[in-house]
$ cat structure-v9.txt   # compact mmCIF, C-alpha atoms
# COMPACT_ATOMS: atom_id res chain seq x y z
CA MET F 1 126.07 109.72 77.69
CA ARG F 2 125.84 106.91 80.22
CA GLN F 3 127.18 103.39 79.99
CA ILE F 4 124.02 102.14 81.59
CA VAL F 5 120.58 103.51 82.36
CA ILE F 6 118.20 101.46 84.50
CA ILE F 7 114.49 102.13 84.13
CA GLY F 8 112.65 101.11 87.27
CA SER F 9 113.43 101.20 90.99
CA GLY F 10 111.96 98.03 92.45
CA PRO F 11 114.09 95.08 93.63
CA ALA F 12 115.19 94.33 90.03
CA GLY F 13 116.18 97.90 89.20
CA TYR F 14 118.03 98.60 92.45
CA THR F 15 119.83 95.24 92.46
CA ALA F 16 120.97 95.85 88.89
CA ALA F 17 122.12 99.29 90.06
CA ILE F 18 124.12 97.79 92.95
CA TYR F 19 125.94 95.39 90.61
CA ALA F 20 126.49 97.98 87.87
CA ALA F 21 127.71 100.56 90.38
CA ARG F 22 130.15 98.11 91.97
CA ALA F 23 131.46 97.44 88.44
CA ASN F 24 132.20 101.20 88.21
CA LEU F 25 129.65 101.71 85.44
CA GLN F 26 128.08 104.72 87.22
CA PRO F 27 124.50 103.69 86.43
CA LEU F 28 121.65 106.17 86.27
CA VAL F 29 118.39 104.87 87.74
CA ILE F 30 115.17 106.45 86.46
CA ALA F 31 113.08 105.79 89.55
CA SER F 32 109.71 107.39 88.61
CA SER F 33 108.35 110.54 90.23
CA VAL F 34 105.70 108.97 92.44
CA GLU F 35 106.09 105.20 92.22
CA PHE F 36 109.77 104.94 93.15
CA GLY F 37 110.63 101.81 95.10
CA GLY F 38 108.02 99.80 93.24
CA GLU F 39 105.33 97.54 94.61
CA LEU F 40 107.05 96.91 97.94
CA MET F 41 106.45 100.55 98.87
CA LYS F 42 102.79 99.61 99.27
CA THR F 43 103.33 96.56 101.45
CA THR F 44 103.85 96.18 105.16
CA GLU F 45 105.91 93.35 106.63
CA VAL F 46 108.01 91.33 104.17
CA GLU F 47 108.64 87.97 105.84
CA ASN F 48 110.25 85.99 103.01
CA PHE F 49 113.21 88.12 101.94
CA PRO F 50 116.34 86.19 103.00
CA GLY F 51 118.56 87.89 105.55
CA PHE F 52 115.75 89.44 107.59
CA PRO F 53 114.73 86.72 110.06
CA ASP F 54 112.39 89.08 111.91
CA GLY F 55 110.88 90.46 108.70
CA ILE F 56 111.32 93.96 107.34
CA MET F 57 108.85 96.63 106.25
CA GLY F 58 108.60 96.79 102.45
CA PRO F 59 109.43 100.52 102.21
CA ASP F 60 112.42 100.04 104.56
CA LEU F 61 113.76 97.23 102.39
CA MET F 62 113.54 99.43 99.30
CA MET F 63 115.23 102.38 101.03
CA LYS F 64 118.07 100.02 102.05
CA MET F 65 118.45 98.76 98.47
CA GLN F 66 118.55 102.34 97.23
CA ALA F 67 121.14 103.34 99.83
CA GLN F 68 123.25 100.32 98.87
CA ALA F 69 123.17 101.30 95.18
CA GLU F 70 123.98 104.94 95.97
CA ARG F 71 126.86 103.92 98.22
CA PHE F 72 128.66 102.55 95.14
CA GLY F 73 127.91 105.51 92.91
CA ALA F 74 124.52 104.87 91.35
CA GLU F 75 122.65 108.08 90.59
CA ILE F 76 118.89 108.22 91.08
CA VAL F 77 116.52 110.49 89.16
CA TYR F 78 112.93 110.88 90.36
CA ASP F 79 111.25 111.34 87.03
CA ASP F 80 109.10 109.36 84.62
CA VAL F 81 110.06 107.93 81.27
CA LEU F 82 107.80 109.19 78.50
CA LYS F 83 109.43 107.52 75.50
CA VAL F 84 112.35 105.25 74.68
CA GLU F 85 114.32 104.85 71.45
CA LEU F 86 116.13 101.58 71.82
CA SER F 87 117.53 100.76 68.39
CA GLY F 88 121.11 101.58 67.39
CA ASP F 89 124.25 101.82 69.51
CA VAL F 90 123.05 104.82 71.50
CA LYS F 91 119.70 104.42 73.28
CA LYS F 92 117.62 107.50 74.05
CA ILE F 93 115.35 107.87 77.06
CA HIS F 94 112.96 110.84 77.14
CA LEU F 95 112.03 112.05 80.63
CA GLY F 96 109.08 113.92 82.04
CA ASP F 97 111.07 117.14 82.50
CA GLY F 98 111.82 117.24 78.77
CA SER F 99 115.42 116.07 79.05
CA VAL F 100 116.84 113.13 77.10
CA GLU F 101 119.28 110.64 78.60
CA GLU F 102 121.56 108.71 76.26
CA ALA F 103 123.01 105.33 77.12
CA LEU F 104 124.94 102.46 75.60
CA THR F 105 122.84 99.94 77.50
CA VAL F 106 119.38 100.01 79.03
CA ILE F 107 118.04 97.71 81.72
CA TYR F 108 114.29 97.71 81.54
CA ALA F 109 112.81 96.86 84.96
CA THR F 110 109.44 98.58 85.04
CA GLY F 111 107.64 95.81 86.91
CA SER F 112 103.93 95.29 86.71
CA GLU F 113 100.76 97.16 87.42
CA TYR F 114 97.59 96.08 89.20
CA ARG F 115 94.98 94.34 87.14
CA LYS F 116 91.47 95.78 87.21
CA LEU F 117 88.24 93.83 87.24
CA GLY F 118 87.15 95.79 84.17
CA LEU F 119 83.85 97.11 85.53
CA GLU F 120 82.81 100.65 84.68
CA ASP F 121 81.78 101.46 88.25
CA GLU F 122 85.11 100.16 89.52
CA THR F 123 86.90 103.04 87.77
CA ARG F 124 84.24 105.60 88.69
CA LEU F 125 84.42 104.71 92.39
CA SER F 126 88.18 104.32 92.49
CA GLY F 127 89.33 106.29 95.55
CA TYR F 128 85.76 106.37 96.86
CA GLY F 129 85.73 102.88 98.33
CA VAL F 130 87.43 100.95 95.51
CA SER F 131 91.11 100.49 96.24
CA TRP F 132 94.16 98.54 95.09
CA CYS F 133 96.17 99.23 98.24
CA ALA F 134 95.00 98.00 101.64
CA THR F 135 98.03 99.44 103.41
CA CYS F 136 97.28 102.87 101.96
CA ASP F 137 93.54 102.97 102.47
CA GLY F 138 92.69 100.32 105.06
CA ALA F 139 92.65 102.72 107.99
CA PHE F 140 89.61 104.52 106.55
CA PHE F 141 87.52 101.40 107.03
CA LYS F 142 87.52 101.25 110.83
CA GLN F 143 84.44 99.36 112.01
CA LYS F 144 83.27 99.03 108.43
CA ARG F 145 82.68 96.05 106.16
CA VAL F 146 84.93 95.40 103.18
CA ALA F 147 85.47 92.85 100.43
CA VAL F 148 88.82 91.72 99.09
CA ILE F 149 88.76 90.25 95.59
CA GLY F 150 91.35 87.62 94.66
CA GLY F 151 93.01 84.41 95.80
CA GLY F 152 96.77 84.93 95.67
CA ASP F 153 99.27 86.00 98.30
CA SER F 154 98.48 89.67 97.93
CA ALA F 155 94.72 89.13 98.32
CA LEU F 156 95.17 87.11 101.50
CA GLU F 157 97.73 89.53 102.88
CA GLU F 158 95.36 92.44 102.25
CA ALA F 159 92.45 90.59 103.84
CA THR F 160 94.48 89.79 106.95
CA PHE F 161 95.79 93.36 107.15
CA LEU F 162 92.28 94.82 106.83
CA THR F 163 91.04 92.89 109.88
CA ARG F 164 93.02 95.42 111.94
CA PHE F 165 90.41 98.01 111.00
CA ALA F 166 87.30 96.48 109.50
CA ASP F 167 84.64 94.58 111.44
CA LYS F 168 84.15 92.14 108.60
CA VAL F 169 86.27 91.13 105.62
CA TYR F 170 84.78 89.09 102.80
CA LEU F 171 87.36 87.31 100.67
CA VAL F 172 85.77 86.82 97.26
CA HIS F 173 87.47 84.31 94.97
CA ARG F 174 86.33 82.98 91.61
CA ARG F 175 87.77 79.51 92.16
CA ASP F 176 87.41 76.88 94.90
CA ALA F 177 91.02 77.07 96.12
CA PHE F 178 93.62 79.79 96.77
CA ARG F 179 96.95 80.16 94.99
CA ALA F 180 98.38 81.85 98.08
CA SER F 181 101.12 80.25 100.19
CA ALA F 182 100.11 77.84 102.95
CA ALA F 183 101.28 80.28 105.63
CA MET F 184 99.02 83.05 104.29
CA GLN F 185 96.08 80.66 103.94
CA ASP F 186 96.41 79.36 107.50
CA ARG F 187 96.42 82.92 108.79
CA ALA F 188 93.35 83.89 106.79
CA PHE F 189 91.35 80.76 107.67
CA ALA F 190 92.12 81.25 111.37
CA ASP F 191 90.84 84.82 111.37
CA PRO F 192 87.28 85.10 112.71
CA LYS F 193 86.68 88.38 110.85
CA ILE F 194 87.43 86.86 107.44
CA GLU F 195 84.70 85.03 105.56
CA VAL F 196 85.72 83.27 102.35
CA LEU F 197 83.23 83.26 99.49
CA TRP F 198 84.32 80.63 96.95
CA ASN F 199 83.38 80.48 93.26
CA GLN F 200 82.11 84.05 93.12
CA GLU F 201 82.86 86.80 90.62
CA VAL F 202 82.18 90.51 91.03
CA ALA F 203 79.50 91.72 88.63
CA HIS F 204 78.60 95.13 90.08
CA VAL F 205 79.93 97.85 92.30
CA TYR F 206 77.12 99.90 93.80
CA GLY F 207 77.13 103.49 95.03
CA ASP F 208 76.66 107.04 93.73
CA GLU F 209 79.30 109.05 95.60
CA LYS F 210 80.97 106.11 97.34
CA VAL F 211 80.76 102.35 97.50
CA THR F 212 77.65 101.06 99.23
CA GLY F 213 77.82 97.41 98.19
CA ILE F 214 78.94 94.96 95.53
CA GLY F 215 77.05 92.36 93.53
CA ILE F 216 78.70 88.95 93.22
CA VAL F 217 77.64 86.11 90.98
CA SER F 218 78.17 82.41 91.64
CA THR F 219 80.25 80.66 88.98
CA ASP F 220 78.34 77.45 89.86
CA ASP F 221 74.73 78.48 89.27
CA GLY F 222 74.77 82.19 88.35
CA ALA F 223 72.95 83.20 91.52
CA GLU F 224 73.61 86.84 92.45
CA THR F 225 74.22 88.05 95.98
CA THR F 226 74.65 91.61 97.21
CA LEU F 227 77.31 92.22 99.83
CA ASP F 228 76.75 95.17 102.14
CA VAL F 229 80.28 96.62 102.11
CA GLN F 230 81.74 100.13 102.12
CA GLY F 231 85.04 99.12 100.57
CA MET F 232 86.29 96.82 97.82
CA PHE F 233 89.99 95.97 97.59
CA VAL F 234 90.99 94.48 94.25
CA ALA F 235 93.94 92.06 94.38
CA ILE F 236 93.58 89.89 91.30
CA GLY F 237 97.15 90.04 90.09
CA SER F 238 99.16 92.28 87.87
CA ASP F 239 100.25 92.73 84.28
CA PRO F 240 103.73 93.59 83.02
CA ARG F 241 104.22 97.31 82.40
CA THR F 242 105.27 97.28 78.76
CA HIS F 243 103.37 100.14 77.08
CA LEU F 244 106.54 102.15 76.32
CA ILE F 245 108.27 99.37 74.40
CA HIS F 246 105.49 98.01 72.22
CA GLY F 247 106.77 97.71 68.67
CA GLN F 248 110.39 97.81 69.86
CA LEU F 249 110.88 94.84 72.16
CA ASP F 250 109.40 91.41 71.47
CA LEU F 251 106.85 90.15 73.97
CA THR F 252 105.91 86.62 75.00
CA ASP F 253 102.39 85.17 74.79
CA ALA F 254 102.05 86.08 78.48
CA GLY F 255 102.73 89.73 77.66
CA THR F 256 106.12 89.84 79.36
CA ILE F 257 109.26 91.03 77.56
CA ALA F 258 110.86 88.11 75.70
CA VAL F 259 114.43 87.36 76.77
CA ASP F 260 116.97 84.87 75.46
CA GLY F 261 116.92 81.76 77.68
CA ARG F 262 118.00 82.42 81.24
CA SER F 263 119.69 85.66 80.21
CA SER F 264 118.16 89.15 80.28
CA ARG F 265 118.93 89.83 76.60
CA THR F 266 115.99 91.18 74.62
CA ASN F 267 115.71 91.18 70.83
CA ILE F 268 117.60 94.50 70.69
CA ALA F 269 121.36 94.46 71.33
CA GLY F 270 122.25 96.47 74.43
CA VAL F 271 118.74 96.31 75.90
CA PHE F 272 118.19 94.00 78.85
CA ALA F 273 115.05 93.31 80.87
CA ALA F 274 114.62 92.17 84.46
CA GLY F 275 112.09 91.67 87.24
CA ASP F 276 108.33 91.27 86.97
CA VAL F 277 108.32 92.68 83.45
CA VAL F 278 109.97 89.42 82.25
CA ASP F 279 108.36 87.10 84.78
CA PRO F 280 104.82 85.82 84.28
CA THR F 281 105.18 83.19 87.02
CA TYR F 282 107.07 83.91 90.21
CA LYS F 283 106.90 87.69 90.76
CA GLN F 284 108.75 87.72 94.07
CA ALA F 285 111.03 90.46 95.40
CA ILE F 286 113.90 87.98 95.60
CA THR F 287 113.41 86.57 92.08
CA ALA F 288 113.24 90.14 90.75
CA ALA F 289 116.45 90.98 92.60
CA GLY F 290 118.15 87.91 91.12
CA SER F 291 116.95 88.86 87.69
CA GLY F 292 118.36 92.37 88.19
CA THR F 293 121.74 90.81 88.90
CA VAL F 294 121.58 88.83 85.65
CA ALA F 295 120.76 92.00 83.71
CA ALA F 296 123.64 93.98 85.22
CA LEU F 297 126.11 91.19 84.43
CA ASP F 298 124.76 90.81 80.88
CA ALA F 299 125.06 94.57 80.35
CA GLU F 300 128.60 94.54 81.71
CA HIS F 301 129.60 91.78 79.25
CA TYR F 302 127.97 93.63 76.38
CA LEU F 303 129.81 96.87 77.26
CA ALA F 304 133.13 95.01 77.43
CA ASP F 305 132.76 94.05 73.76
CA LEU F 306 131.83 97.52 72.49
CA PRO F 307 134.36 99.43 70.36
CA ALA F 308 136.50 101.97 72.21
CA TYR F 309 135.18 104.98 70.27
CA LEU F 310 131.65 104.35 71.58
CA LEU F 311 132.74 103.71 75.17
CA ALA F 312 134.88 106.84 75.11
CA GLN F 313 131.73 108.95 74.81
CA ALA F 314 130.21 107.62 78.03
CA VAL F 315 130.51 108.93 81.59
CA GLY F 316 132.95 107.14 83.84
CA VAL F 317 135.13 105.47 81.18
CA PRO F 318 138.86 106.11 81.71
CA ALA F 319 140.39 107.77 78.63
CA MET B 1 109.83 117.59 105.07
CA SER B 2 107.05 119.43 103.38
CA SER B 3 106.90 123.20 103.34
CA ALA B 4 103.07 123.24 103.24
CA LYS B 5 101.22 124.62 106.24
CA GLU B 6 99.44 122.05 108.41
CA VAL B 7 95.74 122.62 108.99
CA THR B 8 93.71 120.79 111.65
CA ASP B 9 90.12 120.03 112.61
CA ALA B 10 90.28 123.18 114.77
CA THR B 11 91.69 125.52 112.13
CA PHE B 12 89.95 124.07 109.06
CA GLU B 13 87.17 126.64 108.95
CA ALA B 14 89.43 129.65 109.33
CA ASP B 15 92.26 128.36 107.14
CA VAL B 16 90.38 126.56 104.40
CA LEU B 17 86.66 127.32 104.29
CA ASN B 18 87.20 131.06 104.77
CA SER B 19 90.19 131.28 102.46
CA ASP B 20 90.09 134.18 99.97
CA MET B 21 92.11 132.20 97.44
CA PRO B 22 91.43 128.77 95.99
CA ILE B 23 93.08 126.38 98.42
CA MET B 24 94.02 122.73 98.02
CA VAL B 25 94.05 120.42 101.03
CA ASP B 26 96.39 117.44 100.83
CA PHE B 27 94.87 114.74 103.07
CA TRP B 28 97.80 112.57 104.15
CA ALA B 29 99.24 110.30 106.83
CA GLU B 30 102.69 109.26 108.06
CA TRP B 31 102.22 105.63 107.05
CA CYS B 32 101.15 106.46 103.47
CA GLY B 33 104.08 105.94 101.07
CA PRO B 34 102.40 107.57 98.05
CA CYS B 35 101.66 110.64 100.24
CA ARG B 36 105.35 111.02 100.96
CA ALA B 37 106.09 110.62 97.25
CA VAL B 38 103.67 113.33 96.15
CA SER B 39 104.49 115.82 98.90
CA PRO B 40 107.59 117.39 97.28
CA ILE B 41 105.68 117.66 93.99
CA LEU B 42 102.90 119.60 95.74
CA ASP B 43 105.50 121.87 97.34
CA LYS B 44 106.85 122.62 93.89
CA ILE B 45 103.41 123.32 92.42
CA ALA B 46 102.60 125.61 95.36
CA GLU B 47 105.88 127.46 94.94
CA GLU B 48 105.37 127.96 91.22
CA ASN B 49 101.76 129.13 91.62
CA ALA B 50 101.90 131.03 94.89
CA ASP B 51 99.63 133.79 93.56
CA LYS B 52 96.94 131.39 92.29
CA LEU B 53 96.57 128.35 94.52
CA LYS B 54 97.39 127.82 98.16
CA ILE B 55 98.29 124.26 99.22
CA VAL B 56 97.99 123.01 102.81
CA LYS B 57 98.16 119.58 104.47
CA LEU B 58 95.80 117.79 106.82
CA ASN B 59 96.99 114.73 108.74
CA VAL B 60 94.03 112.33 108.67
CA ASP B 61 95.17 110.41 111.76
CA ASP B 62 95.34 113.55 113.91
CA ASN B 63 92.22 115.12 112.38
CA PRO B 64 89.70 112.34 111.80
CA ALA B 65 86.65 114.62 111.97
CA THR B 66 87.53 116.60 108.86
CA ALA B 67 88.67 113.49 106.94
CA GLU B 68 85.38 111.80 107.85
CA LYS B 69 83.31 114.87 106.94
CA TYR B 70 84.72 114.89 103.42
CA GLY B 71 84.42 111.11 103.08
CA ILE B 72 88.11 110.46 102.55
CA THR B 73 88.71 106.75 101.90
CA SER B 74 91.93 106.89 99.94
CA ILE B 75 95.03 109.01 100.35
CA PRO B 76 96.70 111.06 99.17
CA ALA B 77 93.44 112.89 98.46
CA MET B 78 93.84 116.44 97.21
CA TYR B 79 90.66 118.52 97.41
CA VAL B 80 90.47 122.07 96.10
CA PHE B 81 88.13 124.40 98.02
CA ARG B 82 86.78 127.70 96.75
CA GLY B 83 84.36 129.79 98.79
CA GLY B 84 84.10 126.99 101.35
CA GLU B 85 83.01 124.39 98.77
CA VAL B 86 84.88 121.45 97.28
CA VAL B 87 85.36 122.31 93.61
CA LYS B 88 87.87 119.65 92.59
CA ARG B 89 88.95 116.21 93.83
CA VAL B 90 92.22 114.56 92.86
CA ILE B 91 93.02 111.16 94.31
CA GLY B 92 96.30 109.28 94.34
CA ALA B 93 99.93 110.26 93.84
CA LYS B 94 100.58 111.37 90.28
CA PRO B 95 103.57 112.81 88.42
CA LYS B 96 103.81 116.60 88.35
CA PRO B 97 102.55 117.07 84.75
CA ALA B 98 99.49 114.90 85.49
CA LEU B 99 98.68 116.88 88.64
CA GLU B 100 99.14 120.15 86.79
CA ALA B 101 96.73 118.95 84.12
CA ASP B 102 94.16 118.00 86.79
CA LEU B 103 94.56 121.42 88.41
CA ALA B 104 94.82 123.41 85.16
CA GLU B 105 91.77 125.58 85.85
CA PHE B 106 93.33 126.81 89.11
CA LEU B 107 96.83 127.33 87.77
CA ALA B 108 95.94 129.32 84.64

$ encode --input "structure-v9.txt" --output "structure tokens"
Amino acid sequence: MRQIVIIGSGPAGYTAAIYAARANLQPLVIASSVEFGGELMKTTEVENFPGFPDGIMGPDLMMKMQAQAERFGAEIVYDDVLKVELSGDVKKIHLGDGSVEEALTVIYATGSEYRKLGLEDETRLSGYGVSWCATCDGAFFKQKRVAVIGGGDSALEEATFLTRFADKVYLVHRRDAFRASAAMQDRAFADPKIEVLWNQEVAHVYGDEKVTGIGIVSTDDGAETTLDVQGMFVAIGSDPRTHLIHGQLDLTDAGTIAVDGRSSRTNIAGVFAAGDVVDPTYKQAITAAGSGTVAALDAEHYLADLPAYLLAQAVGVPA
Amino acid sequence: MSSAKEVTDATFEADVLNSDMPIMVDFWAEWCGPCRAVSPILDKIAEENADKLKIVKLNVDDNPATAEKYGITSIPAMYVFRGGEVVKRVIGAKPKPALEADLAEFLA
């Protein structure tokens, strides 16, 4: 049995692992089999993470965080969590390979997943012109025309990135202003390849085998326009990844895991939550990292108050 | 580093289209994080099913003609060929059990 198991390997999970490892708690990080490193693995240059004045590539930042956690004794498992049993003193975490990890505390840091538009053809053409990852798929749209849907930082970053390849990038937004940072907006507005289409929602994705165009509808007057594009990149935000804990952990109205005040304490003793899965508002790498710190410290305090007979069963506790 | 054999635009016909066995091509690139994530899983599947399904890799940056021919717009893209025809398309990095489920007909 472990003193602490961390589910998730983004900035929150790895920062919690660094703190827990330095506290000699020998944390186990369940990193996921294919999505380890979290959202930053799909980004390019990260310009707003303190300490990197020249920017750092998202995947490099995550590899550094992982190395830092491992340096102090964190153990990483590349598998997926299928089920969690969080009640009681000993928490059980069922993994994809059929094994079960037991732990006295769990830090839940599963992050968020991309929101879909909810159109049937969006799912059907996913991977055939519909994408959620410009850095993964952008290079296939050399000299082509694409649309990016959304108005936040990630939408503008994707649009700017795609101008490296595409001849034309439409930025389709359902409002008349962006939520993105001023720096991202300035960059997008200055780019001659980017055309912003305000107050437009996507109604259709066209194409049999691959995307041949999209239909957008004006939120002002309902007028429909067809855009001749070969790619559509959806960047309309994300939702907390909570499907494994429904019915166990309390959620907020925003769908994030409910925590007690500024702490990471959930409604179940010994279970802590951190990162995007508790944050409906900020969703930054650095806020997730800070939140991971809070969770590790909360878990450490909780463990300190546990009876000796329970602690004695866990790995890394001196007899 | 992956243990899968690299195929190219030049060798695609001989290695893939003329393959006696069902063969899966993993379309990938250096800069693709999810490709790197799925690569060891594909190695494992290939190792466990060596008598049923061959798995090879094609670097889309070095071999644009083949990637273009099969209309690849998202990687990793894993296409199974049998008798020179595409018989199955799997797109995106997935955990091993999910990939095995997608490929069940070739692993049975």

$ interface_residues --input "structure-v9.txt" --of "chain B" --to "chain F" --cutoff "6 Å" --atoms "all atoms listed in the file" --output "count of residues only"
5

$ atom_distance --input "structure-v9.txt" --atom1 "CA of Arg2 in chain F" --atom2 "CA of Asp260 in chain F"
24.2 Å

$ residues_around --input "structure-v9.txt" --residues "Val38 in chain B" --least-positions-apart "4" --cutoff "10 Å" --atoms "only C-alpha atoms" --output "JSON, numbers by chain"
{"F": [33, 34, 35], "B": [26, 28, 33, 34, 42, 43, 76, 92, 93, 94, 95, 96, 99]}

$ closest_residue --input "structure-v9.txt" --among "F:Gly88, F:Gly118, F:Gly111, F:Gly292" --to "Pro280 in chain F" --atoms "only C-alpha atoms"
F:Gly111

$ atom_distance --input "structure-v9.txt" --atom1 "CA of Gly222 in chain F" --atom2 "CA of Gly151 in chain F"
19.8 Å

$ closest_residue --input "structure-v9.txt" --among "B:Ile55, B:Ala10, B:Asp102, B:Asp61" --to "Met24 in chain B" --atoms "all atoms listed in the file"
B:Ile55

$ atom_distance --input "structure-v9.txt" --atom1 "CA of Glu100 in chain B" --atom2 "CA of Ile45 in chain B"
7.7 Å

$ residues_around --input "structure-v9.txt" --residues "Lys168 in chain F" --least-positions-apart "3" --cutoff "10 Å" --atoms "all atoms listed in the file" --output "list of chain:residue names"
F:Phe141, F:Lys142, F:Gln143, F:Lys144, F:Arg145, F:Val146, F:Ala147, F:Ala159, F:Leu162, F:Thr163, F:Phe165, F:Leu171, F:Pro192, F:Lys193, F:Ile194, F:Glu195, F:Val229

$ residues_around --input "structure-v9.txt" --residues "Val205 in chain F" --least-positions-apart "5" --cutoff "8 Å" --atoms "only C-alpha atoms" --output "short mmCIF file (atom, residue, chain, number, x, y, z; two decimals) with C-alpha atoms, in the frame of the given file"
data_model
loop_
_atom_site.label_atom_id
_atom_site.label_comp_id
_atom_site.auth_asym_id
_atom_site.auth_seq_id
_atom_site.Cartn_x
_atom_site.Cartn_y
_atom_site.Cartn_z
CA LEU F 119 83.85 97.11 85.53
CA ASP F 121 81.78 101.46 88.25
CA GLU F 122 85.11 100.16 89.52
CA VAL F 211 80.76 102.35 97.50
CA THR F 212 77.65 101.06 99.23
CA GLY F 213 77.82 97.41 98.19
CA ILE F 214 78.94 94.96 95.53
CA GLY F 215 77.05 92.36 93.53
#

$ residues_around --input "structure-v9.txt" --residues "Arg89 in chain B" --least-positions-apart "4" --cutoff "7 Å" --atoms "only C-alpha atoms" --output "VMD selection string"
chain B and resid 78 to 80

$ residues_around --input "structure-v9.txt" --residues "Lys5 in chain B" --least-positions-apart "2" --cutoff "7 Å" --atoms "only C-alpha atoms" --output "PyMOL selection string"
chain B and resi 3+7+56-57

$ write_last_selection --input "structure-v9.txt" --atoms "C-alpha atoms" --output "mmCIF file, in the frame of the given file"
data_model
loop_
_atom_site.group_PDB
_atom_site.id
_atom_site.type_symbol
_atom_site.label_atom_id
_atom_site.label_comp_id
_atom_site.auth_asym_id
_atom_site.auth_seq_id
_atom_site.Cartn_x
_atom_site.Cartn_y
_atom_site.Cartn_z
ATOM 1 C CA SER B 3 106.900 123.200 103.340
ATOM 2 C CA VAL B 7 95.740 122.620 108.990
ATOM 3 C CA VAL B 56 97.990 123.010 102.810
ATOM 4 C CA LYS B 57 98.160 119.580 104.470
#

$ closest_residue --input "structure-v9.txt" --among "B:Ile72, B:Val86, B:Leu58, B:Ala67" --to "Thr11 in chain B" --atoms "only C-alpha atoms"
B:Leu58

$ closest_residue --input "structure-v9.txt" --among "F:Gly270, F:Pro50, F:Pro27, F:Gly290" --to "Asp305 in chain F" --atoms "all atoms listed in the file"
F:Gly270
